[in-house]
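Take a look at the structure set out below.
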Amino acid sequence: MTLVLLTGAAGGVGTMLRELLPPYGHRLRLADLKPVADAPDALAFDLADADAVRAAVRGVDAVVHLGGIALEDTFANIAHSNIEGTYQLYEAVRAEGVRRVVFASSNHAVGFTPLHGELPVRADVPPRPDTYYGLSKVFGESLASLYADKYGIETVSLRIGSCFPEPRSPRMLSTWLSPGDCARLVHAALTAPGVGHTVVNAISANTRAWWDLGPARALGYEPQDDAEAYAGRILAEHGELDPESADARLLGGYFTTL
Ligand code: NAI
Ligand code: 15L
């Protein structure tokens, strides 16, 4: 049984993982800026508050770091929650001797990667952020690399596609990460030996996938779901992807136009 700090526990992914991670043997300490529904013991603090972050991290075996702004925003807001917040998290982890972080990165760290090049897109493509939000994920991945090399703190950075209960658009038929596969991948990232800093693409076994899952599978991830099960309904509602649209041409889709 490991004790894991889950930041961003009030959010969409946090709410799903709260239910799905404990059966894998992980005990959770929940944290968010906002109150967490039905969890009176959850910690409430801003990730940029160094003392609060350090107290939250004390005594845990690992951190699943979901907290932060999850869409495009002003640079000031992104800098506060995602850049300062992630820095404070890693400083606390270093000071308290925590060995492992699973970092919720995003496809938007590489969102300007074209989809007309070599497919599937590998996890070692160069950074090509599509927003200030994506830029903050590049920062998070680089911070994880620095703390792995300098202090031996291990991180798996998950470049998540689209993690929702069901895919919501034609693009998500390629980018969906189901809740169950998210939990499988986070568990693999928490337990695989010797990860140093590893970046993996994080989607389900989608028939229309654009992303290579080799590095995720090397951690022991075996996805069970495929967005294709929803294709009939999604395509009847929205039609096929327009090949000229940003969603069809670039990995980050419409974020590249924001
Ligand atoms: P969300 O917006 O539902 O949850 C994020 C949580 O972080 C919120 O509950 C919010 O209160 C908290 N938060 C924001 N700023 C904070 C701060 N300064 N201090 C403390 N807590 C703060 O987002 P979601 O969808 O659950 O995503 C979770 C993580 O996964 C995010 O880091 C997001 O960037 C990443 N991700 C999510 C994807 C998805 O499809 N849901 C895709 C790619 C990445
Ligand atoms: C993300 O990084 C966002 O947090 C999420 O809300 C989705 O929009 C997702 O990417 C996506 O690309 O679908």
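Each chain of the structure tokens is named A, B, ... in the order shown, its residues numbered from 1; ligands are numbered from 1 in display order.
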- Query: segment 3-14 of chain A: which residues within 10 Å, counting only C-alpha atoms, same-chain residues fewer than 4 positions away excluded, as an NGL selection string?
  - Reply: :A and (18-22 or 25-37 or 39 or 42-45 or 47 or 53 or 56-70 or 89 or 100-102 or 104 or 163-165 or 179 or 182-183 or 190)
Kindly provide, as a CSV table (one decimal) with N, CA and C atoms, in the first residue's frame, all nucleotide and amino acid residues lying within 10 Å of ligand 2, counting only C-alpha atoms and all ligand atoms.
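Below is the file result_25.csv, written as the result:
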```csv
chain,number,residue,atom,x,y,z
A,12,GLY,N,-11.9,17.2,-13.1
A,12,GLY,CA,-12.5,16.1,-13.8
A,12,GLY,C,-11.7,14.8,-13.7
A,13,VAL,N,-10.4,14.8,-14.0
A,13,VAL,CA,-9.6,13.6,-13.9
A,13,VAL,C,-9.4,13.2,-12.5
A,66,LEU,N,-2.0,16.6,-10.8
A,66,LEU,CA,-3.0,17.0,-11.8
A,66,LEU,C,-3.3,18.5,-11.6
A,68,GLY,N,-3.7,22.4,-11.5
A,68,GLY,CA,-3.3,23.5,-12.3
A,68,GLY,C,-4.4,23.9,-13.3
A,69,ILE,N,-4.2,24.9,-14.1
A,69,ILE,CA,-5.1,25.4,-15.1
A,69,ILE,C,-5.0,24.4,-16.3
A,70,ALA,N,-6.2,23.9,-16.7
A,70,ALA,CA,-6.2,22.8,-17.7
A,70,ALA,C,-6.6,23.3,-19.1
A,71,LEU,N,-6.7,24.6,-19.3
A,71,LEU,CA,-7.1,25.2,-20.6
A,71,LEU,C,-6.2,26.4,-20.9
A,72,GLU,N,-6.4,27.0,-22.0
A,72,GLU,CA,-5.6,28.3,-22.3
A,72,GLU,C,-6.1,29.4,-21.4
A,104,ALA,N,0.8,15.2,-14.9
A,104,ALA,CA,-0.2,15.3,-16.0
A,104,ALA,C,0.3,16.4,-17.0
A,105,SER,N,1.1,16.0,-18.0
A,105,SER,CA,1.4,16.9,-19.1
A,105,SER,C,0.3,16.8,-20.1
A,106,SER,N,0.5,17.3,-21.3
A,106,SER,CA,-0.6,17.3,-22.2
A,106,SER,C,-0.1,17.2,-23.7
A,107,ASN,N,-1.0,16.8,-24.5
A,107,ASN,CA,-0.8,16.8,-26.0
A,107,ASN,C,-0.4,18.2,-26.5
A,108,HIS,N,-0.9,19.3,-25.7
A,108,HIS,CA,-0.6,20.6,-26.1
A,108,HIS,C,0.8,21.1,-25.9
A,109,ALA,N,1.7,20.3,-25.2
A,109,ALA,CA,3.1,20.5,-25.2
A,109,ALA,C,3.7,20.3,-26.6
A,111,GLY,N,1.6,20.5,-29.5
A,111,GLY,CA,0.4,20.6,-30.2
A,111,GLY,C,0.6,21.1,-31.7
A,133,TYR,N,-0.7,27.5,-22.2
A,133,TYR,CA,-1.0,26.3,-21.4
A,133,TYR,C,0.0,25.2,-21.8
A,134,GLY,N,0.1,25.0,-23.1
A,134,GLY,CA,1.1,23.9,-23.6
A,134,GLY,C,2.5,24.3,-23.2
A,137,LYS,N,3.3,23.1,-19.8
A,137,LYS,CA,3.5,21.6,-19.8
A,137,LYS,C,4.9,21.3,-20.2
A,159,ARG,N,1.7,12.6,-21.4
A,159,ARG,CA,1.1,13.6,-22.4
A,159,ARG,C,-0.3,13.1,-22.7
A,160,ILE,N,-1.2,13.6,-21.9
A,160,ILE,CA,-2.6,13.1,-22.0
A,160,ILE,C,-3.3,13.7,-23.2
A,161,GLY,N,-4.0,12.8,-23.9
A,161,GLY,CA,-4.8,13.3,-25.1
A,161,GLY,C,-6.0,14.0,-24.6
A,162,SER,N,-7.1,13.3,-24.4
A,162,SER,CA,-8.4,13.8,-24.0
A,162,SER,C,-9.0,12.9,-23.0
A,163,CYS,N,-9.0,13.2,-21.7
A,163,CYS,CA,-9.4,12.3,-20.7
A,163,CYS,C,-10.8,12.7,-20.1
A,164,PHE,N,-11.8,12.0,-20.6
A,164,PHE,CA,-13.2,12.3,-20.2
A,164,PHE,C,-13.9,11.0,-20.2
A,167,PRO,N,-15.6,10.0,-25.3
A,167,PRO,CA,-15.1,11.0,-26.3
A,167,PRO,C,-16.2,11.9,-26.7
A,168,ARG,N,-15.9,13.2,-27.0
A,168,ARG,CA,-16.9,14.2,-27.3
A,168,ARG,C,-16.9,14.8,-28.7
A,169,SER,N,-16.0,14.4,-29.5
A,169,SER,CA,-15.8,15.0,-30.8
A,169,SER,C,-15.1,14.1,-31.8
A,171,ARG,N,-12.3,14.5,-33.2
A,171,ARG,CA,-10.9,14.5,-32.9
A,171,ARG,C,-10.6,13.5,-31.7
A,172,MET,N,-11.6,13.5,-30.8
A,172,MET,CA,-11.4,12.6,-29.6
A,172,MET,C,-11.5,11.2,-29.9
A,174,SER,N,-9.5,9.9,-31.8
A,174,SER,CA,-8.1,9.7,-31.9
A,174,SER,C,-7.4,9.9,-30.6
A,175,THR,N,-7.8,10.9,-29.8
A,175,THR,CA,-7.1,11.4,-28.6
A,175,THR,C,-7.6,10.9,-27.3
A,176,TRP,N,-8.7,10.1,-27.3
A,176,TRP,CA,-9.4,9.8,-26.0
A,176,TRP,C,-8.5,8.9,-25.1
A,177,LEU,N,-8.5,9.2,-23.9
A,177,LEU,CA,-8.0,8.3,-22.8
A,177,LEU,C,-9.1,8.0,-21.9
A,247,ASP,N,-8.1,20.5,-36.4
A,247,ASP,CA,-8.2,19.3,-35.6
A,247,ASP,C,-7.6,18.1,-36.5
A,251,LEU,N,-1.6,18.1,-34.1
A,251,LEU,CA,-1.8,17.2,-33.0
A,251,LEU,C,-2.7,18.0,-31.9
A,252,GLY,N,-2.4,19.2,-31.7
A,252,GLY,CA,-3.2,20.0,-30.7
A,252,GLY,C,-4.5,20.5,-31.1
A,253,GLY,N,-4.8,20.3,-32.4
A,253,GLY,CA,-6.1,20.6,-32.9
A,253,GLY,C,-6.5,22.1,-32.8
A,254,TYR,N,-7.7,22.3,-32.3
A,254,TYR,CA,-8.2,23.7,-32.3
A,254,TYR,C,-7.4,24.6,-31.3
A,255,PHE,N,-6.7,24.0,-30.4
A,255,PHE,CA,-5.9,24.8,-29.4
A,255,PHE,C,-4.9,25.7,-30.2
```
Skip Phe112 of chain A itself and residues of its chain fewer than 4 positions away, then list as a PDB file with C-alpha atoms, in the first residue's frame all residues within 6 Å of it, counting only C-alpha atoms.
```
ATOM      1  CA  ARG A 128       5.996  22.467 -30.046  1.00  0.00           C
ATOM      2  CA  ASP A 130       0.355  25.459 -29.058  1.00  0.00           C
ATOM      3  CA  LEU A 250      -2.177  19.388 -36.072  1.00  0.00           C
TER       4      LEU A 250
END
```
- Query: Of the candidates A:Pro114, A:Gly97, A:Pro193, A:Gly140, which shows the shortest atom-to-atom distance to ligand 1, using only C-alpha atoms and all ligand atoms?
  - Reply: A:Gly140
- Message: Considering only helix (DSSP H, G or I) as DSSP defines it on the backbone, what residues of segment 95-185 of chain A qualify? List them as a VMD selection string.
- Response: chain A and resid 95 to 96 107 to 110 132 to 151 172 to 175 179 to 185
Would you export the selected residues with C-alpha atoms as a PDB file, in the first residue's frame, please?
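Once written, selection32.pdb looks like this:
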```
ATOM      1  CA  ALA A  95      12.944  18.725   0.430  1.00  0.00           C
ATOM      2  CA  GLU A  96      10.722  15.943   1.819  1.00  0.00           C
ATOM      3  CA  ASN A 107      -0.774  16.826 -25.987  1.00  0.00           C
ATOM      4  CA  HIS A 108      -0.610  20.641 -26.115  1.00  0.00           C
ATOM      5  CA  ALA A 109       3.106  20.508 -25.176  1.00  0.00           C
ATOM      6  CA  VAL A 110       3.581  19.247 -28.748  1.00  0.00           C
ATOM      7  CA  TYR A 132       0.747  29.344 -22.978  1.00  0.00           C
ATOM      8  CA  TYR A 133      -0.967  26.326 -21.408  1.00  0.00           C
ATOM      9  CA  GLY A 134       1.063  23.946 -23.605  1.00  0.00           C
ATOM     10  CA  LEU A 135       4.186  25.973 -22.827  1.00  0.00           C
ATOM     11  CA  SER A 136       3.604  25.378 -19.097  1.00  0.00           C
ATOM     12  CA  LYS A 137       3.505  21.624 -19.779  1.00  0.00           C
ATOM     13  CA  VAL A 138       6.841  21.876 -21.629  1.00  0.00           C
ATOM     14  CA  PHE A 139       8.135  23.661 -18.514  1.00  0.00           C
ATOM     15  CA  GLY A 140       6.778  20.894 -16.274  1.00  0.00           C
ATOM     16  CA  GLU A 141       8.406  18.168 -18.369  1.00  0.00           C
ATOM     17  CA  SER A 142      11.735  20.041 -18.363  1.00  0.00           C
ATOM     18  CA  LEU A 143      11.526  20.638 -14.620  1.00  0.00           C
ATOM     19  CA  ALA A 144      10.935  16.902 -14.148  1.00  0.00           C
ATOM     20  CA  SER A 145      14.028  16.196 -16.272  1.00  0.00           C
ATOM     21  CA  LEU A 146      16.133  18.612 -14.198  1.00  0.00           C
ATOM     22  CA  TYR A 147      15.007  17.112 -10.878  1.00  0.00           C
ATOM     23  CA  ALA A 148      15.617  13.567 -12.176  1.00  0.00           C
ATOM     24  CA  ASP A 149      19.162  14.342 -13.305  1.00  0.00           C
ATOM     25  CA  LYS A 150      20.119  16.566 -10.385  1.00  0.00           C
ATOM     26  CA  TYR A 151      18.277  14.992  -7.440  1.00  0.00           C
ATOM     27  CA  MET A 172     -11.366  12.649 -29.587  1.00  0.00           C
ATOM     28  CA  LEU A 173     -11.882   9.395 -31.515  1.00  0.00           C
ATOM     29  CA  SER A 174      -8.079   9.654 -31.897  1.00  0.00           C
ATOM     30  CA  THR A 175      -7.073  11.373 -28.646  1.00  0.00           C
ATOM     31  CA  PRO A 179     -10.987   6.793 -17.211  1.00  0.00           C
ATOM     32  CA  GLY A 180     -10.136   3.094 -16.780  1.00  0.00           C
ATOM     33  CA  ASP A 181      -7.066   3.339 -19.026  1.00  0.00           C
ATOM     34  CA  CYS A 182      -6.035   6.541 -17.227  1.00  0.00           C
ATOM     35  CA  ALA A 183      -6.020   4.637 -13.934  1.00  0.00           C
ATOM     36  CA  ARG A 184      -4.109   1.727 -15.547  1.00  0.00           C
ATOM     37  CA  LEU A 185      -1.485   4.113 -16.898  1.00  0.00           C
TER      38      LEU A 185
END
```
- Query: Which residue out of A:His80, A:Arg249, A:His116, A:Arg94 has the minimum interatomic distance to ligand 1 when only C-alpha atoms and all ligand atoms are used?
  - Reply: A:His80
- Find the residue from A:Thr113, A:Thr74, A:Thr256, A:Ser178 that sits nearest to ligand 1; use only C-alpha atoms and all ligand atoms when measuring.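 For ligand 1, the nearest of the given residues is A:Ser178.
Residue nearest ligand 1 within the list A:Pro23, A:Glu154, A:Asn201, A:Pro127: A:Asn201 [criterion: smallest interatomic distance, only C-alpha atoms and all ligand atoms].
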- Using DSSP on the backbone coordinates, identify the residues of segment 104-241 of chain A assigned to strand (DSSP E or B); present them as number ranges by chain. A: 104-106, 114, 121, 154-160, 162-163, 176-177, 197-202, 211
- Message: Under the rule that only C-alpha atoms are counted, which of A:Ala55, A:Thr131, A:Arg208, A:Gly152 is the nearest residue to Leu241 of chain A?
- Response: A:Arg208
